[in-house]
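Undergrad: The following file, upload_35.json, comprises JSON, C-alpha atoms:
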```
[["chain", "number", "residue", "atom", "x", "y", "z"],
["A", 11, "MET", "CA", 82.44, 61.30, 97.11],
["A", 12, "ALA", "CA", 81.80, 64.68, 95.58],
["A", 13, "ILE", "CA", 82.91, 67.88, 97.28],
["A", 14, "ALA", "CA", 80.09, 69.74, 99.01],
["A", 15, "ILE", "CA", 80.22, 73.16, 100.68],
["A", 16, "ARG", "CA", 77.62, 74.28, 103.23],
["A", 17, "GLN", "CA", 77.46, 77.96, 104.16],
["A", 18, "LEU", "CA", 77.86, 78.57, 107.91],
["A", 19, "HIS", "CA", 77.35, 82.34, 108.22],
["A", 20, "LYS", "CA", 74.98, 84.84, 106.68],
["A", 21, "HIS", "CA", 77.74, 86.48, 104.65],
["A", 22, "PHE", "CA", 80.59, 83.98, 104.28],
["A", 23, "VAL", "CA", 82.33, 80.77, 105.53],
["A", 24, "GLY", "CA", 81.80, 77.36, 103.97],
["A", 25, "GLU", "CA", 82.06, 73.92, 105.60],
["A", 26, "VAL", "CA", 83.64, 71.44, 103.19],
["A", 27, "SER", "CA", 82.86, 67.73, 103.04],
["A", 28, "GLY", "CA", 83.86, 65.00, 100.60],
["A", 29, "LEU", "CA", 87.60, 65.65, 100.67],
["A", 30, "ASP", "CA", 90.47, 63.76, 102.34],
["A", 31, "LEU", "CA", 93.44, 66.12, 102.60],
["A", 32, "ARG", "CA", 95.85, 63.21, 103.06],
["A", 33, "LYS", "CA", 95.42, 62.52, 99.35],
["A", 34, "ALA", "CA", 96.62, 64.64, 96.44],
["A", 35, "LEU", "CA", 93.96, 66.86, 94.89],
["A", 36, "THR", "CA", 92.98, 66.56, 91.26],
["A", 37, "LYS", "CA", 93.05, 69.73, 89.16],
["A", 38, "ASP", "CA", 89.25, 69.83, 89.25],
["A", 39, "GLU", "CA", 89.17, 69.47, 93.03],
["A", 40, "ALA", "CA", 91.75, 72.24, 93.48],
["A", 41, "ALA", "CA", 89.76, 74.51, 91.16],
["A", 42, "GLU", "CA", 86.57, 73.77, 93.13],
["A", 43, "ILE", "CA", 88.25, 74.65, 96.43],
["A", 44, "GLU", "CA", 89.73, 77.86, 94.98],
["A", 45, "ALA", "CA", 86.30, 78.85, 93.65],
["A", 46, "GLY", "CA", 84.90, 78.15, 97.12],
["A", 47, "MET", "CA", 87.52, 80.45, 98.61],
["A", 48, "ASP", "CA", 86.58, 83.21, 96.18],
["A", 49, "ARG", "CA", 82.95, 82.89, 97.21],
["A", 50, "TYR", "CA", 83.09, 82.11, 100.94],
["A", 51, "ALA", "CA", 86.51, 83.60, 101.90],
["A", 52, "VAL", "CA", 86.82, 81.03, 104.74],
["A", 53, "LEU", "CA", 86.56, 77.24, 104.35],
["A", 54, "VAL", "CA", 86.34, 74.78, 107.26],
["A", 55, "PHE", "CA", 87.52, 71.16, 106.91],
["A", 56, "HIS", "CA", 86.77, 68.83, 109.85],
["A", 57, "GLY", "CA", 88.51, 65.57, 110.71],
["A", 58, "GLN", "CA", 91.72, 66.12, 108.73],
["A", 59, "ASP", "CA", 94.42, 64.14, 110.57],
["A", 60, "ILE", "CA", 97.30, 65.31, 108.37],
["A", 61, "THR", "CA", 101.07, 65.53, 108.57],
["A", 62, "ASP", "CA", 103.02, 68.74, 108.08],
["A", 63, "ASP", "CA", 104.04, 67.59, 104.59],
["A", 64, "GLN", "CA", 100.42, 66.82, 103.65],
["A", 65, "GLN", "CA", 99.30, 70.22, 104.90],
["A", 66, "MET", "CA", 101.92, 71.98, 102.82],
["A", 67, "ALA", "CA", 101.18, 69.84, 99.76],
["A", 68, "PHE", "CA", 97.52, 70.86, 100.00],
["A", 69, "ALA", "CA", 98.45, 74.54, 100.31],
["A", 70, "LEU", "CA", 100.70, 74.42, 97.26],
["A", 71, "ASN", "CA", 97.69, 73.71, 95.05],
["A", 72, "PHE", "CA", 96.86, 77.41, 95.40],
["A", 73, "GLY", "CA", 100.22, 79.14, 94.92],
["A", 74, "GLU", "CA", 103.77, 79.26, 96.19],
["A", 75, "ARG", "CA", 104.77, 79.01, 99.83],
["A", 76, "GLU", "CA", 105.40, 82.35, 101.46],
["A", 77, "ASN", "CA", 108.94, 82.88, 102.74],
["A", 78, "PRO", "CA", 108.52, 83.08, 106.53],
["A", 79, "ARG", "CA", 111.47, 85.44, 107.05],
["A", 80, "GLY", "CA", 110.36, 88.83, 108.31],
["A", 81, "GLY", "CA", 107.26, 87.53, 110.07],
["A", 82, "ASN", "CA", 108.70, 87.05, 113.53],
["A", 83, "ILE", "CA", 111.43, 88.19, 115.86],
["A", 84, "THR", "CA", 114.84, 86.67, 115.24],
["A", 85, "LYS", "CA", 116.51, 86.97, 118.64],
["A", 86, "ASP", "CA", 115.49, 84.19, 121.08],
["A", 87, "LYS", "CA", 113.41, 82.40, 118.43],
["A", 88, "GLU", "CA", 113.84, 78.64, 118.31],
["A", 89, "TYR", "CA", 112.05, 76.81, 115.53],
["A", 90, "ARG", "CA", 110.13, 73.80, 116.78],
["A", 91, "LEU", "CA", 108.78, 72.45, 113.50],
["A", 92, "GLY", "CA", 110.59, 70.43, 110.87],
["A", 93, "SER", "CA", 111.39, 71.07, 107.24],
["A", 94, "ALA", "CA", 107.90, 71.23, 105.72],
["A", 95, "GLY", "CA", 107.90, 75.04, 105.85],
["A", 96, "LEU", "CA", 104.91, 75.59, 108.15],
["A", 97, "ASN", "CA", 104.55, 78.61, 110.45],
["A", 98, "ASP", "CA", 104.45, 77.71, 114.13],
["A", 99, "VAL", "CA", 101.55, 79.62, 115.71],
["A", 100, "SER", "CA", 101.41, 77.48, 118.84],
["A", 101, "ASN", "CA", 102.34, 78.51, 122.37],
["A", 102, "LEU", "CA", 105.05, 75.84, 122.53],
["A", 103, "GLY", "CA", 108.82, 75.99, 122.75],
["A", 104, "LYS", "CA", 111.29, 73.67, 121.09],
["A", 105, "ASP", "CA", 110.91, 71.28, 124.03],
["A", 106, "GLY", "CA", 107.18, 70.92, 123.26],
["A", 107, "ARG", "CA", 106.12, 72.65, 126.47],
["A", 108, "PRO", "CA", 104.22, 75.95, 126.82],
["A", 109, "LEU", "CA", 106.46, 79.01, 126.65],
["A", 110, "ALA", "CA", 107.23, 80.84, 129.88],
["A", 111, "PRO", "CA", 104.95, 83.85, 130.57],
["A", 112, "ASP", "CA", 107.93, 86.22, 130.32],
["A", 113, "SER", "CA", 109.30, 84.61, 127.15],
["A", 114, "ARG", "CA", 110.02, 87.20, 124.49],
["A", 115, "VAL", "CA", 108.52, 84.93, 121.82],
["A", 116, "HIS", "CA", 105.36, 84.46, 123.89],
["A", 117, "LEU", "CA", 104.95, 88.20, 124.45],
["A", 118, "PHE", "CA", 105.46, 88.93, 120.75],
["A", 119, "ASN", "CA", 102.97, 86.23, 119.72],
["A", 120, "LEU", "CA", 100.23, 87.75, 121.89],
["A", 121, "GLY", "CA", 99.78, 90.16, 118.98],
["A", 122, "ASN", "CA", 97.85, 87.36, 117.26],
["A", 123, "CYS", "CA", 94.98, 88.18, 119.63],
["A", 124, "LEU", "CA", 94.53, 91.49, 117.75],
["A", 125, "TRP", "CA", 92.45, 91.71, 114.58],
["A", 126, "HIS", "CA", 94.81, 91.34, 111.63],
["A", 127, "SER", "CA", 95.36, 90.09, 108.11],
["A", 128, "ASP", "CA", 98.34, 87.74, 107.75],
["A", 129, "SER", "CA", 101.44, 89.36, 106.27],
["A", 130, "SER", "CA", 99.90, 92.76, 105.62],
["A", 131, "PHE", "CA", 103.28, 93.94, 106.94],
["A", 132, "ARG", "CA", 104.90, 92.58, 103.75],
["A", 133, "ALA", "CA", 105.12, 94.57, 100.52],
["A", 134, "ILE", "CA", 103.38, 91.63, 98.83],
["A", 135, "PRO", "CA", 100.91, 90.35, 101.44],
["A", 136, "ALA", "CA", 99.74, 86.75, 101.78],
["A", 137, "LYS", "CA", 97.00, 85.17, 99.69],
["A", 138, "PHE", "CA", 95.69, 82.18, 101.70],
["A", 139, "SER", "CA", 96.41, 80.85, 105.19],
["A", 140, "LEU", "CA", 95.66, 77.25, 106.20],
["A", 141, "LEU", "CA", 95.66, 76.51, 109.94],
["A", 142, "SER", "CA", 95.68, 72.95, 111.27],
["A", 143, "ALA", "CA", 94.72, 72.15, 114.88],
["A", 144, "ARG", "CA", 96.98, 69.43, 116.31],
["A", 145, "VAL", "CA", 96.39, 70.10, 120.03],
["A", 146, "VAL", "CA", 93.43, 72.24, 121.14],
["A", 147, "ASN", "CA", 93.58, 74.29, 124.32],
["A", 148, "PRO", "CA", 90.85, 73.26, 126.80],
["A", 149, "LYS", "CA", 89.86, 76.85, 127.57],
["A", 150, "GLY", "CA", 89.47, 79.69, 125.08],
["A", 151, "GLY", "CA", 91.45, 79.93, 121.86],
["A", 152, "ASN", "CA", 88.56, 80.34, 119.42],
["A", 153, "THR", "CA", 89.48, 82.07, 116.17],
["A", 154, "GLU", "CA", 87.20, 84.82, 114.89],
["A", 155, "PHE", "CA", 86.94, 85.89, 111.25],
["A", 156, "ALA", "CA", 85.49, 89.13, 109.87],
["A", 157, "ASP", "CA", 84.10, 89.43, 106.34],
["A", 158, "MET", "CA", 85.73, 92.61, 105.05],
["A", 159, "ARG", "CA", 83.65, 92.58, 101.84],
["A", 160, "ALA", "CA", 80.35, 92.72, 103.69],
["A", 161, "ALA", "CA", 81.82, 95.34, 106.02],
["A", 162, "TYR", "CA", 82.80, 97.51, 103.05],
["A", 163, "ASP", "CA", 79.38, 97.08, 101.42],
["A", 164, "ALA", "CA", 77.69, 98.31, 104.61],
["A", 165, "LEU", "CA", 79.60, 101.61, 104.67],
["A", 166, "ASP", "CA", 77.75, 104.78, 103.69],
["A", 167, "GLU", "CA", 78.64, 106.25, 100.31],
["A", 168, "GLU", "CA", 80.36, 109.29, 101.82],
["A", 169, "THR", "CA", 82.80, 107.08, 103.71],
["A", 170, "LYS", "CA", 83.45, 104.93, 100.65],
["A", 171, "VAL", "CA", 84.44, 108.01, 98.69],
["A", 172, "GLU", "CA", 86.62, 109.30, 101.55],
["A", 173, "ILE", "CA", 88.67, 106.11, 101.88],
["A", 174, "GLU", "CA", 88.78, 104.89, 98.26],
["A", 175, "ASP", "CA", 92.35, 105.99, 97.52],
["A", 176, "LEU", "CA", 93.87, 106.08, 101.00],
["A", 177, "ILE", "CA", 97.21, 104.37, 101.62],
["A", 178, "CYS", "CA", 98.26, 102.97, 105.02],
["A", 179, "GLU", "CA", 101.58, 102.03, 106.53],
["A", 180, "HIS", "CA", 101.72, 98.50, 108.00],
["A", 181, "SER", "CA", 104.37, 97.09, 110.33],
["A", 182, "LEU", "CA", 104.64, 94.42, 113.01],
["A", 183, "MET", "CA", 106.01, 97.18, 115.23],
["A", 184, "TYR", "CA", 102.62, 98.94, 115.08],
["A", 185, "SER", "CA", 100.61, 95.89, 116.16],
["A", 186, "ARG", "CA", 103.06, 94.76, 118.85],
["A", 187, "GLY", "CA", 103.64, 98.33, 119.99],
["A", 188, "SER", "CA", 99.93, 98.72, 120.72],
["A", 189, "LEU", "CA", 100.37, 95.99, 123.37],
["A", 190, "GLY", "CA", 103.50, 97.59, 124.80],
["A", 191, "PHE", "CA", 106.04, 95.32, 123.08],
["A", 192, "LEU", "CA", 108.85, 97.72, 122.17],
["A", 193, "ASP", "CA", 111.95, 95.53, 122.53],
["A", 194, "TYR", "CA", 113.55, 95.09, 119.09],
["A", 195, "THR", "CA", 117.06, 94.41, 117.89],
["A", 196, "ALA", "CA", 118.56, 96.56, 115.13],
["A", 197, "GLU", "CA", 118.05, 93.65, 112.71],
["A", 198, "GLU", "CA", 114.38, 93.36, 113.66],
["A", 199, "LYS", "CA", 113.76, 97.10, 113.28],
["A", 200, "GLU", "CA", 115.20, 96.95, 109.78],
["A", 201, "MET", "CA", 113.16, 93.84, 108.94],
["A", 202, "PHE", "CA", 109.92, 95.35, 110.28],
["A", 203, "LYS", "CA", 110.13, 98.68, 108.42],
["A", 204, "PRO", "CA", 106.65, 99.87, 107.36],
["A", 205, "VAL", "CA", 105.24, 98.91, 103.97],
["A", 206, "LEU", "CA", 102.37, 100.54, 102.08],
["A", 207, "GLN", "CA", 98.93, 99.00, 101.54],
["A", 208, "ARG", "CA", 95.69, 100.31, 100.09],
["A", 209, "LEU", "CA", 92.86, 100.75, 102.57],
["A", 210, "VAL", "CA", 90.37, 99.50, 99.98],
["A", 211, "ARG", "CA", 91.31, 96.59, 97.77],
["A", 212, "THR", "CA", 89.52, 94.83, 94.93],
["A", 213, "HIS", "CA", 89.43, 91.04, 94.59],
["A", 214, "PRO", "CA", 91.13, 89.93, 91.36],
["A", 215, "VAL", "CA", 88.48, 87.31, 90.47],
["A", 216, "HIS", "CA", 85.00, 88.57, 91.37],
["A", 217, "GLY", "CA", 85.85, 92.27, 91.67],
["A", 218, "ARG", "CA", 84.22, 92.91, 95.05],
["A", 219, "LYS", "CA", 85.81, 95.64, 97.12],
["A", 220, "SER", "CA", 86.80, 95.08, 100.72],
["A", 221, "LEU", "CA", 88.33, 96.98, 103.61],
["A", 222, "TYR", "CA", 92.00, 96.09, 104.05],
["A", 223, "LEU", "CA", 92.48, 96.59, 107.76],
["A", 224, "SER", "CA", 94.86, 95.07, 110.29],
["A", 225, "SER", "CA", 96.37, 95.84, 113.68],
["A", 226, "HIS", "CA", 99.60, 96.12, 111.66],
["A", 227, "ALA", "CA", 98.23, 99.35, 110.12],
["A", 228, "GLY", "CA", 99.46, 102.30, 112.17],
["A", 229, "LYS", "CA", 99.45, 105.32, 109.91],
["A", 230, "VAL", "CA", 97.35, 106.72, 107.05],
["A", 231, "ARG", "CA", 99.27, 108.68, 104.44],
["A", 232, "GLY", "CA", 98.19, 112.33, 104.33],
["A", 233, "MET", "CA", 96.76, 112.30, 107.85],
["A", 234, "SER", "CA", 98.28, 113.08, 111.22],
["A", 235, "MET", "CA", 99.03, 109.99, 113.28],
["A", 236, "PRO", "CA", 96.11, 110.56, 115.72],
["A", 237, "GLU", "CA", 93.64, 111.37, 112.93],
["A", 238, "GLY", "CA", 94.65, 108.32, 110.89],
["A", 239, "ARG", "CA", 94.53, 105.97, 113.83],
["A", 240, "LEU", "CA", 91.06, 107.20, 114.80],
["A", 241, "LEU", "CA", 89.85, 106.47, 111.27],
["A", 242, "LEU", "CA", 91.40, 102.97, 111.36],
["A", 243, "ARG", "CA", 89.86, 102.33, 114.78],
["A", 244, "ASP", "CA", 86.42, 103.45, 113.62],
["A", 245, "LEU", "CA", 86.61, 101.25, 110.53],
["A", 246, "THR", "CA", 87.82, 98.26, 112.55],
["A", 247, "GLU", "CA", 84.98, 98.67, 115.05],
["A", 248, "HIS", "CA", 82.55, 98.77, 112.13],
["A", 249, "ALA", "CA", 84.06, 95.72, 110.41],
["A", 250, "THR", "CA", 84.15, 93.54, 113.53],
["A", 251, "GLN", "CA", 80.53, 93.91, 114.57],
["A", 252, "PRO", "CA", 78.84, 90.51, 115.21],
["A", 253, "GLU", "CA", 76.98, 90.97, 111.92],
["A", 254, "PHE", "CA", 80.22, 90.37, 110.01],
["A", 255, "VAL", "CA", 82.00, 87.88, 112.32],
["A", 256, "TYR", "CA", 82.17, 84.07, 112.38],
["A", 257, "VAL", "CA", 83.55, 82.35, 115.51],
["A", 258, "HIS", "CA", 85.36, 79.05, 114.95],
["A", 259, "LYS", "CA", 85.47, 76.75, 117.98],
["A", 260, "TRP", "CA", 88.35, 74.40, 117.30],
["A", 261, "THR", "CA", 88.27, 70.63, 117.52],
["A", 262, "VAL", "CA", 91.35, 68.46, 116.99],
["A", 263, "HIS", "CA", 92.21, 67.93, 113.30],
["A", 264, "ASP", "CA", 90.17, 70.87, 112.05],
["A", 265, "LEU", "CA", 91.79, 72.72, 109.17],
["A", 266, "VAL", "CA", 90.56, 76.23, 108.45],
["A", 267, "MET", "CA", 91.59, 78.05, 105.28],
["A", 268, "TRP", "CA", 91.03, 81.76, 104.76],
["A", 269, "ASP", "CA", 91.64, 84.45, 102.17],
["A", 270, "ASN", "CA", 93.67, 87.30, 103.65],
["A", 271, "ARG", "CA", 92.52, 89.57, 100.81],
["A", 272, "GLN", "CA", 88.90, 89.37, 102.00],
["A", 273, "THR", "CA", 89.02, 88.77, 105.76],
["A", 274, "MET", "CA", 90.56, 89.70, 109.09],
["A", 275, "HIS", "CA", 90.95, 87.30, 112.00],
["A", 276, "ARG", "CA", 92.14, 87.02, 115.58],
["A", 277, "VAL", "CA", 92.60, 84.30, 118.19],
["A", 278, "ARG", "CA", 90.89, 84.84, 121.52],
["A", 279, "ARG", "CA", 92.75, 84.67, 124.82],
["A", 280, "TYR", "CA", 93.30, 81.18, 126.21],
["A", 281, "ASP", "CA", 95.03, 79.40, 129.09],
["A", 282, "GLN", "CA", 98.69, 79.81, 128.16],
["A", 283, "SER", "CA", 99.79, 77.24, 130.75],
["A", 284, "GLN", "CA", 98.19, 74.52, 128.62],
["A", 285, "PRO", "CA", 99.53, 73.42, 125.20],
["A", 286, "ARG", "CA", 97.96, 74.69, 121.99],
["A", 287, "ASP", "CA", 99.60, 73.27, 118.86],
["A", 288, "MET", "CA", 98.48, 75.11, 115.71],
["A", 289, "ARG", "CA", 100.41, 74.98, 112.44],
["A", 290, "ARG", "CA", 99.89, 77.31, 109.49],
["A", 291, "ALA", "CA", 100.76, 76.99, 105.84],
["A", 292, "THR", "CA", 100.83, 80.36, 104.09],
["A", 293, "VAL", "CA", 100.31, 80.83, 100.36],
["A", 294, "ALA", "CA", 102.21, 83.84, 99.04],
["A", 295, "GLY", "CA", 100.49, 86.72, 97.35],
["A", 296, "THR", "CA", 101.46, 87.66, 93.79],
["A", 297, "MET", "CA", 101.27, 91.45, 93.73],
["A", 298, "PRO", "CA", 101.44, 94.49, 96.01],
["A", 299, "THR", "CA", 98.33, 96.54, 96.76],
["A", 300, "ALA", "CA", 100.28, 99.81, 96.46],
["A", 301, "ALA", "CA", 103.55, 101.05, 94.98],
["A", 302, "GLN", "CA", 106.33, 100.89, 97.56],
["A", 303, "GLU", "CA", 108.68, 103.56, 96.23],
["A", 304, "ALA", "CA", 107.45, 106.19, 98.68],
["A", 305, "ALA", "CA", 107.61, 103.99, 101.78],
["A", 306, "GLU", "CA", 109.62, 105.61, 104.58]]
```
When written as structure tokens, how does the structure in this file appear?

TA:
Amino acid sequence: MAIAIRQLHKHFVGEVSGLDLRKALTKDEAAEIEAGMDRYAVLVFHGQDITDDQQMAFALNFGERENPRGGNITKDKEYRLGSAGLNDVSNLGKDGRPLAPDSRVHLFNLGNCLWHSDSSFRAIPAKFSLLSARVVNPKGGNTEFADMRAAYDALDEETKVEIEDLICEHSLMYSRGSLGFLDYTAEEKEMFKPVLQRLVRTHPVHGRKSLYLSSHAGKVRGMSMPEGRLLLRDLTEHATQPEFVYVHKWTVHDLVMWDNRQTMHRVRRYDQSQPRDMRRATVAGTMPTAAQEAAE
């Protein structure tokens, strides 16, 4: 059966059929999916009952696995998943039960409810993310995606000129701090030091420009903190209008794949007393968006 992709949103998002992710991809199939990512930025695969190893094998068609170190707190963190190298973005502890409401890991992970781009807090940010739904929460938990290319295109020319060369500082301490999470060990503070990212980035294949925003962005170089944060807030409000947003309502065994270079996303609030088992494979990026020498 040939691969087919049906567009789901005015600007982006493709629904893929004709592919069984339990089986190895051919080179042609991998190239077709990568071309679909370049075009649609988000791809949805339904009915993919896959193992952790199969999920990672699929991801590795598109680049190397991102090293997960530096993407979460270290103190009190217990890893629930096995050796496949997936990121655990569930609300579950090592015992398979929902984390306690006052759990430090739970409180830190609530930052995923903010608009963000995966790993923008790394000097070389992530390329693709691939999220597999193993257990779906009965209430809430939709994931929303924003097309940052269409959002950039809709800006007026004056704003495009203003922001073209701006550089932002990104850190997990900015995103979590906005929710009041300020409890870090010395090791975590060192690990979460800000990195520099361009505010406007250009896609390496088709050349479209997009806004590179994230809740991890907390400062704009050359601006006072309040002035820079107001600019980032205005741009985020612009980019997350319904016009540019797709809402994914999860069903069990969905796999959604997105390009962090072209989108932002967030999970919506859900009933944390009920299990939600979501596992992410992350494909590493290959280059920084800005030189890091001047990072503080």

Undergrad: Taking all atoms listed in the file into account, which of A:Pro252, A:Pro236, A:Pro285, A:Pro135 comes nearest A:Tyr222?

TA: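 Among the listed residues, A:Pro135 lies closest to A:Tyr222.
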
Undergrad: Which is closer to A:Tyr280 than all the others in A:Gln302, A:Glu237, A:Gly150, A:Lys104, using all atoms listed in the file?

TA: A:Gly150

Undergrad: Which distance in Å separates atom CA of A:Glu179 and atom CA of A:Gln272, to one decimal?

TA: 18.5 Å

Undergrad: Please tell me which residues are no farther than 9 Å from (80.7, 94.0, 103.3) in the file, counting all atoms listed in the file, and write them as a ChimeraX atom specification.

TA: /A:21,157-165,219-221,249,254

Undergrad: Rounded to one decimal, what separation in Å do you get between atom CA of A:His180 and atom CA of A:Arg278?

TA: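 So the two atoms, atom CA of A:His180 and atom CA of A:Arg278, lie 22.1 Å apart.
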
Undergrad: To one decimal in Å, tell me the separation between atom CA of A:Tyr256 and atom CA of A:Lys20.

TA: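 Atom-to-atom, atom CA of A:Tyr256 and atom CA of A:Lys20 are spaced 9.2 Å apart.
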
Undergrad: For A:Glu247, which of A:Asp38, A:Met66, A:Ala51, A:Ala156 is the closest residue, counting only C-alpha atoms?

TA: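 Result for the nearest residue to A:Glu247: A:Ala156.
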
Undergrad: Would you write out, as CSV, a table of all residues in stretch 33-94 of chain A that have an atom no more than 10 Å from an atom of stretch 126-133 of chain A, listing for each the closest atom pair and the distance in Å to one decimal, considering only C-alpha atoms and ordering rows by chain and rising residue number?

TA:
```
residue,atom,partner,partner_atom,distance
A:Glu76,CA,A:Ser129,CA,9.4
A:Pro78,CA,A:Ser129,CA,9.5
A:Gly80,CA,A:Arg132,CA,8.0
A:Gly81,CA,A:Ser129,CA,7.2
```

Undergrad: Find, counting all atoms listed in the file, the residue in A:His213, A:Arg243, A:Lys170, A:Arg144 that gets nearest to A:Arg289.

TA: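 Among the listed residues, the smallest separation from A:Arg289 belongs to A:Arg144.
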
Undergrad: Using all atoms listed in the file, pick whichever of A:Thr246, A:Gln207, A:Thr212, A:Asn97 has the shortest atom-to-atom distance to A:Val230.

TA: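 Comparing A:Thr246, A:Gln207, A:Thr212, A:Asn97 against A:Val230, the winner is A:Gln207.
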
Undergrad: Using all atoms listed in the file, find the one residue out of A:Ser224, A:Asn101, A:Thr296, A:Ser234 that sits nearest to A:Gln284.

TA: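 Of all the options, A:Asn101 lies closest to A:Gln284.
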
Undergrad: So which residues touch A:Ser225 within 10 Å, counting all atoms listed in the file, skipping near sequence neighbours fewer than 3 positions away, as an MDAnalysis selection string?

TA: chainID A and resid 121:127 130:131 180:188 228 242:243 246 274 276

Undergrad: Write out as a ChimeraX atom specification the residues lying within 9 Å of A:Leu29, counting only C-alpha atoms and excluding same-chain residues fewer than 3 positions away.

TA: /A:11-14,26,32-33,35,39,55

Undergrad: Give me the box for stretch 269-280 of chain A as lines of an AutoDock Vina configuration file, namely the centre and edge lengths in Å to one decimal of a box along x, y and z that holds every listed atom plus 8 Å on each side.

TA:
```
center_x = 91.3
center_y = 85.4
center_z = 113.5
size_x = 20.8
size_y = 24.5
size_z = 41.4
```

Undergrad: Find the residues near A:Arg16: any atom within 12 Å, counting only C-alpha atoms, skip ones fewer than 3 places away on the same chain, and give them as a PyMOL selection string.

TA: chain A and resi 13+19-20+22-28+46+49-50+52-55
